$ cat work-v4.cif   # mmCIF, N, CA and C atoms
data_run
#
loop_
_atom_site.group_PDB
_atom_site.id
_atom_site.type_symbol
_atom_site.label_atom_id
_atom_site.label_comp_id
_atom_site.auth_asym_id
_atom_site.auth_seq_id
_atom_site.Cartn_x
_atom_site.Cartn_y
_atom_site.Cartn_z
ATOM 1 N N MET O 459 0.853 -1.175 0.000
ATOM 2 C CA MET O 459 0.000 0.000 0.000
ATOM 3 C C MET O 459 0.893 1.230 0.000
ATOM 4 N N SER O 460 0.601 2.176 -0.865
ATOM 5 C CA SER O 460 1.421 3.372 -0.960
ATOM 6 C C SER O 460 0.850 4.495 -0.106
ATOM 7 N N ARG O 461 1.736 5.383 0.301
ATOM 8 C CA ARG O 461 1.337 6.532 1.103
ATOM 9 C C ARG O 461 0.901 7.649 0.170
ATOM 10 N N PRO O 462 -0.247 8.286 0.451
ATOM 11 C CA PRO O 462 -0.695 9.370 -0.423
ATOM 12 C C PRO O 462 0.333 10.484 -0.521
ATOM 13 N N GLU O 463 0.621 10.886 -1.735
ATOM 14 C CA GLU O 463 1.520 11.998 -2.004
ATOM 15 C C GLU O 463 0.670 13.210 -2.352
ATOM 16 N N PRO O 464 1.189 14.405 -2.118
ATOM 17 C CA PRO O 464 0.441 15.602 -2.522
ATOM 18 C C PRO O 464 0.144 15.567 -4.013
ATOM 19 N N ILE O 465 -1.004 16.042 -4.382
ATOM 20 C CA ILE O 465 -1.413 16.077 -5.775
ATOM 21 C C ILE O 465 -1.350 17.528 -6.244
ATOM 22 N N PRO O 466 -0.655 17.801 -7.349
ATOM 23 C CA PRO O 466 -0.575 19.172 -7.847
ATOM 24 C C PRO O 466 -1.957 19.776 -8.043
ATOM 25 N N GLY O 467 -2.110 21.022 -7.659
ATOM 26 C CA GLY O 467 -3.371 21.727 -7.825
ATOM 27 C C GLY O 467 -4.304 21.610 -6.639
ATOM 28 N N GLN O 468 -3.970 20.737 -5.696
ATOM 29 C CA GLN O 468 -4.834 20.559 -4.540
ATOM 30 C C GLN O 468 -4.814 21.843 -3.710
ATOM 31 N N PRO O 469 -5.992 22.403 -3.405
ATOM 32 C CA PRO O 469 -6.045 23.677 -2.674
ATOM 33 C C PRO O 469 -5.331 23.593 -1.323
ATOM 34 N N ARG O 470 -4.429 24.563 -1.095
ATOM 35 C CA ARG O 470 -3.653 24.616 0.145
ATOM 36 C C ARG O 470 -3.510 26.062 0.592
ATOM 37 N N ALA O 471 -3.314 26.223 1.885
ATOM 38 C CA ALA O 471 -2.981 27.520 2.475
ATOM 39 C C ALA O 471 -1.897 27.257 3.510
ATOM 40 N N ASP O 472 -0.788 27.929 3.392
ATOM 41 C CA ASP O 472 0.351 27.714 4.286
ATOM 42 C C ASP O 472 0.761 26.246 4.344
ATOM 43 N N GLY O 473 0.664 25.552 3.198
ATOM 44 C CA GLY O 473 1.076 24.162 3.120
ATOM 45 C C GLY O 473 0.047 23.155 3.597
ATOM 46 N N GLU O 474 -1.054 23.618 4.163
ATOM 47 C CA GLU O 474 -2.098 22.724 4.680
ATOM 48 C C GLU O 474 -3.256 22.636 3.694
ATOM 49 N N LEU O 475 -3.903 21.463 3.656
ATOM 50 C CA LEU O 475 -5.070 21.295 2.794
ATOM 51 C C LEU O 475 -6.177 22.262 3.204
ATOM 52 N N VAL O 476 -6.904 22.737 2.200
ATOM 53 C CA VAL O 476 -8.012 23.658 2.439
ATOM 54 C C VAL O 476 -9.289 23.019 1.907
ATOM 55 N N PHE O 477 -10.301 22.988 2.750
ATOM 56 C CA PHE O 477 -11.618 22.483 2.345
ATOM 57 C C PHE O 477 -12.629 23.598 2.604
ATOM 58 N N ALA O 478 -13.346 23.991 1.557
ATOM 59 C CA ALA O 478 -14.321 25.073 1.682
ATOM 60 C C ALA O 478 -15.662 24.582 2.220
ATOM 61 N N ALA O 479 -15.866 23.265 2.202
ATOM 62 C CA ALA O 479 -17.135 22.695 2.664
ATOM 63 C C ALA O 479 -16.878 21.293 3.213
ATOM 64 N N PRO O 480 -17.705 20.852 4.145
ATOM 65 C CA PRO O 480 -17.514 19.521 4.733
ATOM 66 C C PRO O 480 -17.488 18.391 3.707
ATOM 67 N N TRP O 481 -18.293 18.477 2.652
ATOM 68 C CA TRP O 481 -18.321 17.387 1.672
ATOM 69 C C TRP O 481 -16.963 17.226 0.994
ATOM 70 N N GLN O 482 -16.218 18.312 0.842
ATOM 71 C CA GLN O 482 -14.902 18.223 0.225
ATOM 72 C C GLN O 482 -13.952 17.403 1.101
ATOM 73 N N ALA O 483 -13.978 17.660 2.387
ATOM 74 C CA ALA O 483 -13.126 16.909 3.316
ATOM 75 C C ALA O 483 -13.542 15.441 3.346
ATOM 76 N N ARG O 484 -14.850 15.168 3.293
ATOM 77 C CA ARG O 484 -15.314 13.777 3.294
ATOM 78 C C ARG O 484 -14.886 13.051 2.029
ATOM 79 N N THR O 485 -14.962 13.729 0.892
ATOM 80 C CA THR O 485 -14.523 13.126 -0.367
ATOM 81 C C THR O 485 -13.036 12.810 -0.312
ATOM 82 N N PHE O 486 -12.250 13.735 0.204
ATOM 83 C CA PHE O 486 -10.824 13.513 0.373
ATOM 84 C C PHE O 486 -10.581 12.304 1.270
ATOM 85 N N ALA O 487 -11.270 12.266 2.404
ATOM 86 C CA ALA O 487 -11.093 11.166 3.361
ATOM 87 C C ALA O 487 -11.494 9.820 2.762
ATOM 88 N N MET O 488 -12.553 9.791 1.960
ATOM 89 C CA MET O 488 -12.961 8.535 1.321
ATOM 90 C C MET O 488 -11.873 8.028 0.381
ATOM 91 N N ALA O 489 -11.269 8.931 -0.385
ATOM 92 C CA ALA O 489 -10.212 8.519 -1.304
ATOM 93 C C ALA O 489 -9.020 7.954 -0.533
ATOM 94 N N VAL O 490 -8.641 8.625 0.541
ATOM 95 C CA VAL O 490 -7.518 8.148 1.351
ATOM 96 C C VAL O 490 -7.840 6.781 1.947
ATOM 97 N N GLN O 491 -9.043 6.629 2.489
ATOM 98 C CA GLN O 491 -9.431 5.353 3.112
ATOM 99 C C GLN O 491 -9.476 4.217 2.092
ATOM 100 N N LEU O 492 -10.019 4.472 0.921
ATOM 101 C CA LEU O 492 -10.073 3.429 -0.103
ATOM 102 C C LEU O 492 -8.678 3.047 -0.576
ATOM 103 N N ASN O 493 -7.781 4.018 -0.640
ATOM 104 C CA ASN O 493 -6.388 3.716 -0.959
ATOM 105 C C ASN O 493 -5.770 2.866 0.142
ATOM 106 N N GLN O 494 -5.960 3.256 1.374
ATOM 107 C CA GLN O 494 -5.373 2.524 2.496
ATOM 108 C C GLN O 494 -5.946 1.120 2.630
ATOM 109 N N SER O 495 -7.189 0.927 2.173
ATOM 110 C CA SER O 495 -7.782 -0.410 2.228
ATOM 111 C C SER O 495 -7.317 -1.286 1.064
ATOM 112 N N GLY O 496 -6.563 -0.696 0.132
ATOM 113 C CA GLY O 496 -5.994 -1.481 -0.960
ATOM 114 C C GLY O 496 -6.796 -1.501 -2.245
ATOM 115 N N LEU O 497 -7.843 -0.695 -2.343
ATOM 116 C CA LEU O 497 -8.648 -0.718 -3.565
ATOM 117 C C LEU O 497 -7.857 -0.206 -4.768
ATOM 118 N N PHE O 498 -7.008 0.787 -4.546
ATOM 119 C CA PHE O 498 -6.185 1.326 -5.630
ATOM 120 C C PHE O 498 -4.894 1.895 -5.057
ATOM 121 N N GLU O 499 -3.893 1.991 -5.919
ATOM 122 C CA GLU O 499 -2.620 2.603 -5.558
ATOM 123 C C GLU O 499 -2.747 4.119 -5.705
ATOM 124 N N TRP O 500 -2.087 4.857 -4.827
ATOM 125 C CA TRP O 500 -2.203 6.315 -4.857
ATOM 126 C C TRP O 500 -1.686 6.897 -6.174
ATOM 127 N N LYS O 501 -0.616 6.345 -6.721
ATOM 128 C CA LYS O 501 -0.092 6.842 -8.003
ATOM 129 C C LYS O 501 -1.119 6.658 -9.115
ATOM 130 N N GLU O 502 -1.824 5.544 -9.078
ATOM 131 C CA GLU O 502 -2.878 5.272 -10.066
ATOM 132 C C GLU O 502 -3.988 6.310 -9.933
ATOM 133 N N TRP O 503 -4.397 6.574 -8.696
ATOM 134 C CA TRP O 503 -5.431 7.564 -8.400
ATOM 135 C C TRP O 503 -4.996 8.951 -8.883
ATOM 136 N N ALA O 504 -3.772 9.346 -8.541
ATOM 137 C CA ALA O 504 -3.272 10.662 -8.902
ATOM 138 C C ALA O 504 -3.200 10.832 -10.415
ATOM 139 N N ALA O 505 -2.803 9.785 -11.126
ATOM 140 C CA ALA O 505 -2.721 9.846 -12.585
ATOM 141 C C ALA O 505 -4.110 10.021 -13.200
ATOM 142 N N LEU O 506 -5.096 9.300 -12.679
ATOM 143 C CA LEU O 506 -6.457 9.421 -13.193
ATOM 144 C C LEU O 506 -7.022 10.805 -12.891
ATOM 145 N N LEU O 507 -6.792 11.307 -11.687
ATOM 146 C CA LEU O 507 -7.256 12.649 -11.334
ATOM 147 C C LEU O 507 -6.589 13.693 -12.226
ATOM 148 N N ALA O 508 -5.288 13.573 -12.431
ATOM 149 C CA ALA O 508 -4.573 14.523 -13.289
ATOM 150 C C ALA O 508 -5.136 14.503 -14.708
ATOM 151 N N SER O 509 -5.455 13.317 -15.199
ATOM 152 C CA SER O 509 -6.040 13.189 -16.535
ATOM 153 C C SER O 509 -7.409 13.861 -16.600
ATOM 154 N N ASN O 510 -8.226 13.639 -15.577
ATOM 155 C CA ASN O 510 -9.557 14.262 -15.545
ATOM 156 C C ASN O 510 -9.463 15.776 -15.426
ATOM 157 N N ILE O 511 -8.502 16.254 -14.653
ATOM 158 C CA ILE O 511 -8.307 17.701 -14.532
ATOM 159 C C ILE O 511 -7.860 18.288 -15.870
ATOM 160 N N ALA O 512 -6.902 17.635 -16.521
ATOM 161 C CA ALA O 512 -6.412 18.125 -17.812
ATOM 162 C C ALA O 512 -7.537 18.178 -18.839
ATOM 163 N N GLU O 513 -8.367 17.152 -18.854
ATOM 164 C CA GLU O 513 -9.497 17.132 -19.788
ATOM 165 C C GLU O 513 -10.457 18.277 -19.493
ATOM 166 N N PHE O 514 -10.757 18.494 -18.214
ATOM 167 C CA PHE O 514 -11.641 19.584 -17.813
ATOM 168 C C PHE O 514 -11.056 20.931 -18.230
ATOM 169 N N GLU O 515 -9.759 21.099 -18.013
ATOM 170 C CA GLU O 515 -9.113 22.382 -18.275
ATOM 171 C C GLU O 515 -8.972 22.700 -19.762
ATOM 172 N N GLN O 516 -9.266 21.736 -20.627
ATOM 173 C CA GLN O 516 -9.264 22.037 -22.051
ATOM 174 C C GLN O 516 -10.396 22.989 -22.414
ATOM 175 N N HIS O 517 -11.453 23.002 -21.577
ATOM 176 C CA HIS O 517 -12.639 23.810 -21.876
ATOM 177 C C HIS O 517 -12.994 24.801 -20.770
ATOM 178 N N ASN O 518 -12.439 24.608 -19.580
ATOM 179 C CA ASN O 518 -12.799 25.427 -18.429
ATOM 180 C C ASN O 518 -11.574 25.656 -17.566
ATOM 181 N N ALA O 519 -11.691 26.629 -16.692
ATOM 182 C CA ALA O 519 -10.628 26.868 -15.717
ATOM 183 C C ALA O 519 -11.109 26.414 -14.343
ATOM 184 N N ILE O 520 -10.205 25.842 -13.576
ATOM 185 C CA ILE O 520 -10.528 25.502 -12.196
ATOM 186 C C ILE O 520 -10.274 26.758 -11.381
ATOM 187 N N GLU O 521 -11.364 27.372 -10.953
ATOM 188 C CA GLU O 521 -11.245 28.664 -10.286
ATOM 189 C C GLU O 521 -11.414 28.603 -8.782
ATOM 190 N N ASP O 522 -11.871 27.465 -8.267
ATOM 191 C CA ASP O 522 -12.085 27.391 -6.827
ATOM 192 C C ASP O 522 -12.002 25.944 -6.352
ATOM 193 N N SER O 523 -11.981 25.774 -5.035
ATOM 194 C CA SER O 523 -11.856 24.423 -4.482
ATOM 195 C C SER O 523 -13.100 23.589 -4.753
ATOM 196 N N ASP O 524 -14.261 24.230 -4.926
ATOM 197 C CA ASP O 524 -15.476 23.476 -5.211
ATOM 198 C C ASP O 524 -15.333 22.717 -6.528
ATOM 199 N N THR O 525 -14.852 23.394 -7.552
ATOM 200 C CA THR O 525 -14.650 22.747 -8.853
ATOM 201 C C THR O 525 -13.603 21.651 -8.741
ATOM 202 N N TYR O 526 -12.523 21.937 -8.042
ATOM 203 C CA TYR O 526 -11.458 20.954 -7.880
ATOM 204 C C TYR O 526 -11.986 19.688 -7.211
ATOM 205 N N TYR O 527 -12.718 19.844 -6.106
ATOM 206 C CA TYR O 527 -13.191 18.658 -5.398
ATOM 207 C C TYR O 527 -14.365 17.984 -6.096
ATOM 208 N N ARG O 528 -15.071 18.671 -6.969
ATOM 209 C CA ARG O 528 -16.070 17.979 -7.811
ATOM 210 C C ARG O 528 -15.342 17.033 -8.771
ATOM 211 N N LEU O 529 -14.224 17.465 -9.296
ATOM 212 C CA LEU O 529 -13.413 16.577 -10.133
ATOM 213 C C LEU O 529 -12.847 15.430 -9.314
ATOM 214 N N TRP O 530 -12.469 15.703 -8.073
ATOM 215 C CA TRP O 530 -11.975 14.673 -7.156
ATOM 216 C C TRP O 530 -13.073 13.629 -6.952
ATOM 217 N N GLN O 531 -14.314 14.084 -6.689
ATOM 218 C CA GLN O 531 -15.445 13.172 -6.470
ATOM 219 C C GLN O 531 -15.727 12.361 -7.731
ATOM 220 N N GLN O 532 -15.719 13.010 -8.874
ATOM 221 C CA GLN O 532 -15.943 12.313 -10.146
ATOM 222 C C GLN O 532 -14.892 11.228 -10.356
ATOM 223 N N THR O 533 -13.646 11.549 -10.068
ATOM 224 C CA THR O 533 -12.564 10.587 -10.237
ATOM 225 C C THR O 533 -12.694 9.439 -9.257
ATOM 226 N N LEU O 534 -13.097 9.741 -8.033
ATOM 227 C CA LEU O 534 -13.305 8.694 -7.038
ATOM 228 C C LEU O 534 -14.404 7.738 -7.502
ATOM 229 N N GLU O 535 -15.493 8.266 -7.979
ATOM 230 C CA GLU O 535 -16.574 7.418 -8.494
ATOM 231 C C GLU O 535 -16.086 6.568 -9.660
ATOM 232 N N GLN O 536 -15.290 7.160 -10.533
ATOM 233 C CA GLN O 536 -14.766 6.452 -11.707
ATOM 234 C C GLN O 536 -13.852 5.295 -11.301
ATOM 235 N N ILE O 537 -12.917 5.541 -10.402
ATOM 236 C CA ILE O 537 -11.971 4.490 -10.041
ATOM 237 C C ILE O 537 -12.650 3.383 -9.236
ATOM 238 N N VAL O 538 -13.614 3.739 -8.394
ATOM 239 C CA VAL O 538 -14.340 2.713 -7.644
ATOM 240 C C VAL O 538 -15.135 1.838 -8.615
ATOM 241 N N ALA O 539 -15.784 2.453 -9.597
ATOM 242 C CA ALA O 539 -16.546 1.680 -10.584
ATOM 243 C C ALA O 539 -15.628 0.747 -11.367
ATOM 244 N N GLU O 540 -14.458 1.242 -11.764
ATOM 245 C CA GLU O 540 -13.511 0.413 -12.515
ATOM 246 C C GLU O 540 -13.005 -0.760 -11.679
ATOM 247 N N LYS O 541 -12.732 -0.521 -10.424
ATOM 248 C CA LYS O 541 -12.134 -1.537 -9.564
ATOM 249 C C LYS O 541 -13.142 -2.549 -9.034
ATOM 250 N N THR O 542 -14.410 -2.196 -9.062
ATOM 251 C CA THR O 542 -15.412 -3.095 -8.492
ATOM 252 C C THR O 542 -16.325 -3.725 -9.545
ATOM 253 N N GLU O 543 -15.992 -3.537 -10.839
ATOM 254 C CA GLU O 543 -16.777 -4.167 -11.902
ATOM 255 C C GLU O 543 -16.723 -5.679 -11.775
ATOM 256 N N LEU O 544 -17.808 -6.328 -12.037
ATOM 257 C CA LEU O 544 -17.857 -7.797 -11.987
ATOM 258 C C LEU O 544 -17.573 -8.394 -13.342
#

$ encode --input "work-v4.cif" --output "structure tokens"
Amino acid sequence: MSRPEPIPGQPRADGELVFAAPWQARTFAMAVQLNQSGLFEWKEWAALLASNIAEFEQHNAIEDSDTYYRLWQQTLEQIVAEKTEL
């Protein structure tokens, strides 16, 4: 099991993670817990999130933490679906 590494673009203030709403922190915590339980490797997760962010940024700008964590939630749903397909 790999240790979560910082992901570029993740909202921070003074080096600490910033969550503008409770759901953002819960989404973050779910991703960490699923990684720690072995569902996916953190590098795999980070690569998928980076890909989803890059795709989004082709048409839009990420202007706030809400948009960033919506992409985080979308990516979490995507990787869970991929890993739990029968």

$ select_by_dssp --input "work-v4.cif" --residues "chain O" --states "helix (DSSP H, G or I)" --output "MDAnalysis selection string"
chainID O and resid 480:494 500:515 523:542

$ closest_residue --input "work-v4.cif" --among "O:Thr542, O:Ser523, O:Asn518, O:Gln536" --to "Leu475 (chain O)" --atoms "only C-alpha atoms"
O:Ser523

$ atom_distance --input "work-v4.cif" --atom1 "CA of Phe486 (chain O)" --atom2 "CA of Glu543 (chain O)"
22.3 Å

$ atom_distance --input "work-v4.cif" --atom1 "CA of Leu506 (chain O)" --atom2 "CA of Ile537 (chain O)"
8.0 Å

$ resolve_selection --input "work-v4.cif" --expression "the PyMOL selection byres (((chain O and resi 497 and name CA) around 12) and name CA)" --output "VMD selection string"
chain O and resid 459 to 460 488 to 496 498 to 500 502 to 503 534 537 to 542

$ write_last_selection --input "work-v4.cif" --atoms "N, CA and C atoms" --output "PDB file, keeping the file's coordinate frame"
ATOM      1  N   MET O 459       0.853  -1.175   0.000  1.00  0.00           N
ATOM      2  CA  MET O 459       0.000   0.000   0.000  1.00  0.00           C
ATOM      3  C   MET O 459       0.893   1.230   0.000  1.00  0.00           C
ATOM      4  N   SER O 460       0.601   2.176  -0.865  1.00  0.00           N
ATOM      5  CA  SER O 460       1.421   3.372  -0.960  1.00  0.00           C
ATOM      6  C   SER O 460       0.850   4.495  -0.106  1.00  0.00           C
ATOM      7  N   MET O 488     -12.553   9.791   1.960  1.00  0.00           N
ATOM      8  CA  MET O 488     -12.961   8.535   1.321  1.00  0.00           C
ATOM      9  C   MET O 488     -11.873   8.028   0.381  1.00  0.00           C
ATOM     10  N   ALA O 489     -11.269   8.931  -0.385  1.00  0.00           N
ATOM     11  CA  ALA O 489     -10.212   8.519  -1.304  1.00  0.00           C
ATOM     12  C   ALA O 489      -9.020   7.954  -0.533  1.00  0.00           C
ATOM     13  N   VAL O 490      -8.641   8.625   0.541  1.00  0.00           N
ATOM     14  CA  VAL O 490      -7.518   8.148   1.351  1.00  0.00           C
ATOM     15  C   VAL O 490      -7.840   6.781   1.947  1.00  0.00           C
ATOM     16  N   GLN O 491      -9.043   6.629   2.489  1.00  0.00           N
ATOM     17  CA  GLN O 491      -9.431   5.353   3.112  1.00  0.00           C
ATOM     18  C   GLN O 491      -9.476   4.217   2.092  1.00  0.00           C
ATOM     19  N   LEU O 492     -10.019   4.472   0.921  1.00  0.00           N
ATOM     20  CA  LEU O 492     -10.073   3.429  -0.103  1.00  0.00           C
ATOM     21  C   LEU O 492      -8.678   3.047  -0.576  1.00  0.00           C
ATOM     22  N   ASN O 493      -7.781   4.018  -0.640  1.00  0.00           N
ATOM     23  CA  ASN O 493      -6.388   3.716  -0.959  1.00  0.00           C
ATOM     24  C   ASN O 493      -5.770   2.866   0.142  1.00  0.00           C
ATOM     25  N   GLN O 494      -5.960   3.256   1.374  1.00  0.00           N
ATOM     26  CA  GLN O 494      -5.373   2.524   2.496  1.00  0.00           C
ATOM     27  C   GLN O 494      -5.946   1.120   2.630  1.00  0.00           C
ATOM     28  N   SER O 495      -7.189   0.927   2.173  1.00  0.00           N
ATOM     29  CA  SER O 495      -7.782  -0.410   2.228  1.00  0.00           C
ATOM     30  C   SER O 495      -7.317  -1.286   1.064  1.00  0.00           C
ATOM     31  N   GLY O 496      -6.563  -0.696   0.132  1.00  0.00           N
ATOM     32  CA  GLY O 496      -5.994  -1.481  -0.960  1.00  0.00           C
ATOM     33  C   GLY O 496      -6.796  -1.501  -2.245  1.00  0.00           C
ATOM     34  N   PHE O 498      -7.008   0.787  -4.546  1.00  0.00           N
ATOM     35  CA  PHE O 498      -6.185   1.326  -5.630  1.00  0.00           C
ATOM     36  C   PHE O 498      -4.894   1.895  -5.057  1.00  0.00           C
ATOM     37  N   GLU O 499      -3.893   1.991  -5.919  1.00  0.00           N
ATOM     38  CA  GLU O 499      -2.620   2.603  -5.558  1.00  0.00           C
ATOM     39  C   GLU O 499      -2.747   4.119  -5.705  1.00  0.00           C
ATOM     40  N   TRP O 500      -2.087   4.857  -4.827  1.00  0.00           N
ATOM     41  CA  TRP O 500      -2.203   6.315  -4.857  1.00  0.00           C
ATOM     42  C   TRP O 500      -1.686   6.897  -6.174  1.00  0.00           C
ATOM     43  N   GLU O 502      -1.824   5.544  -9.078  1.00  0.00           N
ATOM     44  CA  GLU O 502      -2.878   5.272 -10.066  1.00  0.00           C
ATOM     45  C   GLU O 502      -3.988   6.310  -9.933  1.00  0.00           C
ATOM     46  N   TRP O 503      -4.397   6.574  -8.696  1.00  0.00           N
ATOM     47  CA  TRP O 503      -5.431   7.564  -8.400  1.00  0.00           C
ATOM     48  C   TRP O 503      -4.996   8.951  -8.883  1.00  0.00           C
ATOM     49  N   LEU O 534     -13.097   9.741  -8.033  1.00  0.00           N
ATOM     50  CA  LEU O 534     -13.305   8.694  -7.038  1.00  0.00           C
ATOM     51  C   LEU O 534     -14.404   7.738  -7.502  1.00  0.00           C
ATOM     52  N   ILE O 537     -12.917   5.541 -10.402  1.00  0.00           N
ATOM     53  CA  ILE O 537     -11.971   4.490 -10.041  1.00  0.00           C
ATOM     54  C   ILE O 537     -12.650   3.383  -9.236  1.00  0.00           C
ATOM     55  N   VAL O 538     -13.614   3.739  -8.394  1.00  0.00           N
ATOM     56  CA  VAL O 538     -14.340   2.713  -7.644  1.00  0.00           C
ATOM     57  C   VAL O 538     -15.135   1.838  -8.615  1.00  0.00           C
ATOM     58  N   ALA O 539     -15.784   2.453  -9.597  1.00  0.00           N
ATOM     59  CA  ALA O 539     -16.546   1.680 -10.584  1.00  0.00           C
ATOM     60  C   ALA O 539     -15.628   0.747 -11.367  1.00  0.00           C
ATOM     61  N   GLU O 540     -14.458   1.242 -11.764  1.00  0.00           N
ATOM     62  CA  GLU O 540     -13.511   0.413 -12.515  1.00  0.00           C
ATOM     63  C   GLU O 540     -13.005  -0.760 -11.679  1.00  0.00           C
ATOM     64  N   LYS O 541     -12.732  -0.521 -10.424  1.00  0.00           N
ATOM     65  CA  LYS O 541     -12.134  -1.537  -9.564  1.00  0.00           C
ATOM     66  C   LYS O 541     -13.142  -2.549  -9.034  1.00  0.00           C
ATOM     67  N   THR O 542     -14.410  -2.196  -9.062  1.00  0.00           N
ATOM     68  CA  THR O 542     -15.412  -3.095  -8.492  1.00  0.00           C
ATOM     69  C   THR O 542     -16.325  -3.725  -9.545  1.00  0.00           C
TER      70      THR O 542
END

$ select_by_dssp --input "work-v4.cif" --residues "chain O" --states "strand (DSSP E or B)" --output "list in words"
Arg470, Ala471, Glu474 and Leu475 of chain O

$ residues_around --input "work-v4.cif" --residues "Trp530 (chain O)" --least-positions-apart "4" --cutoff "8 Å" --atoms "all atoms listed in the file" --output "VMD selection string"
chain O and resid 485 to 486 507 510 to 511 524 to 526 534 to 536

$ resolve_selection --input "work-v4.cif" --expression "the PyMOL selection byres (((chain O and resi 478 and name CA) around 12) and name CA)" --output "PyMOL selection string"
chain O and resi 469-471+475-477+479-484+522-528
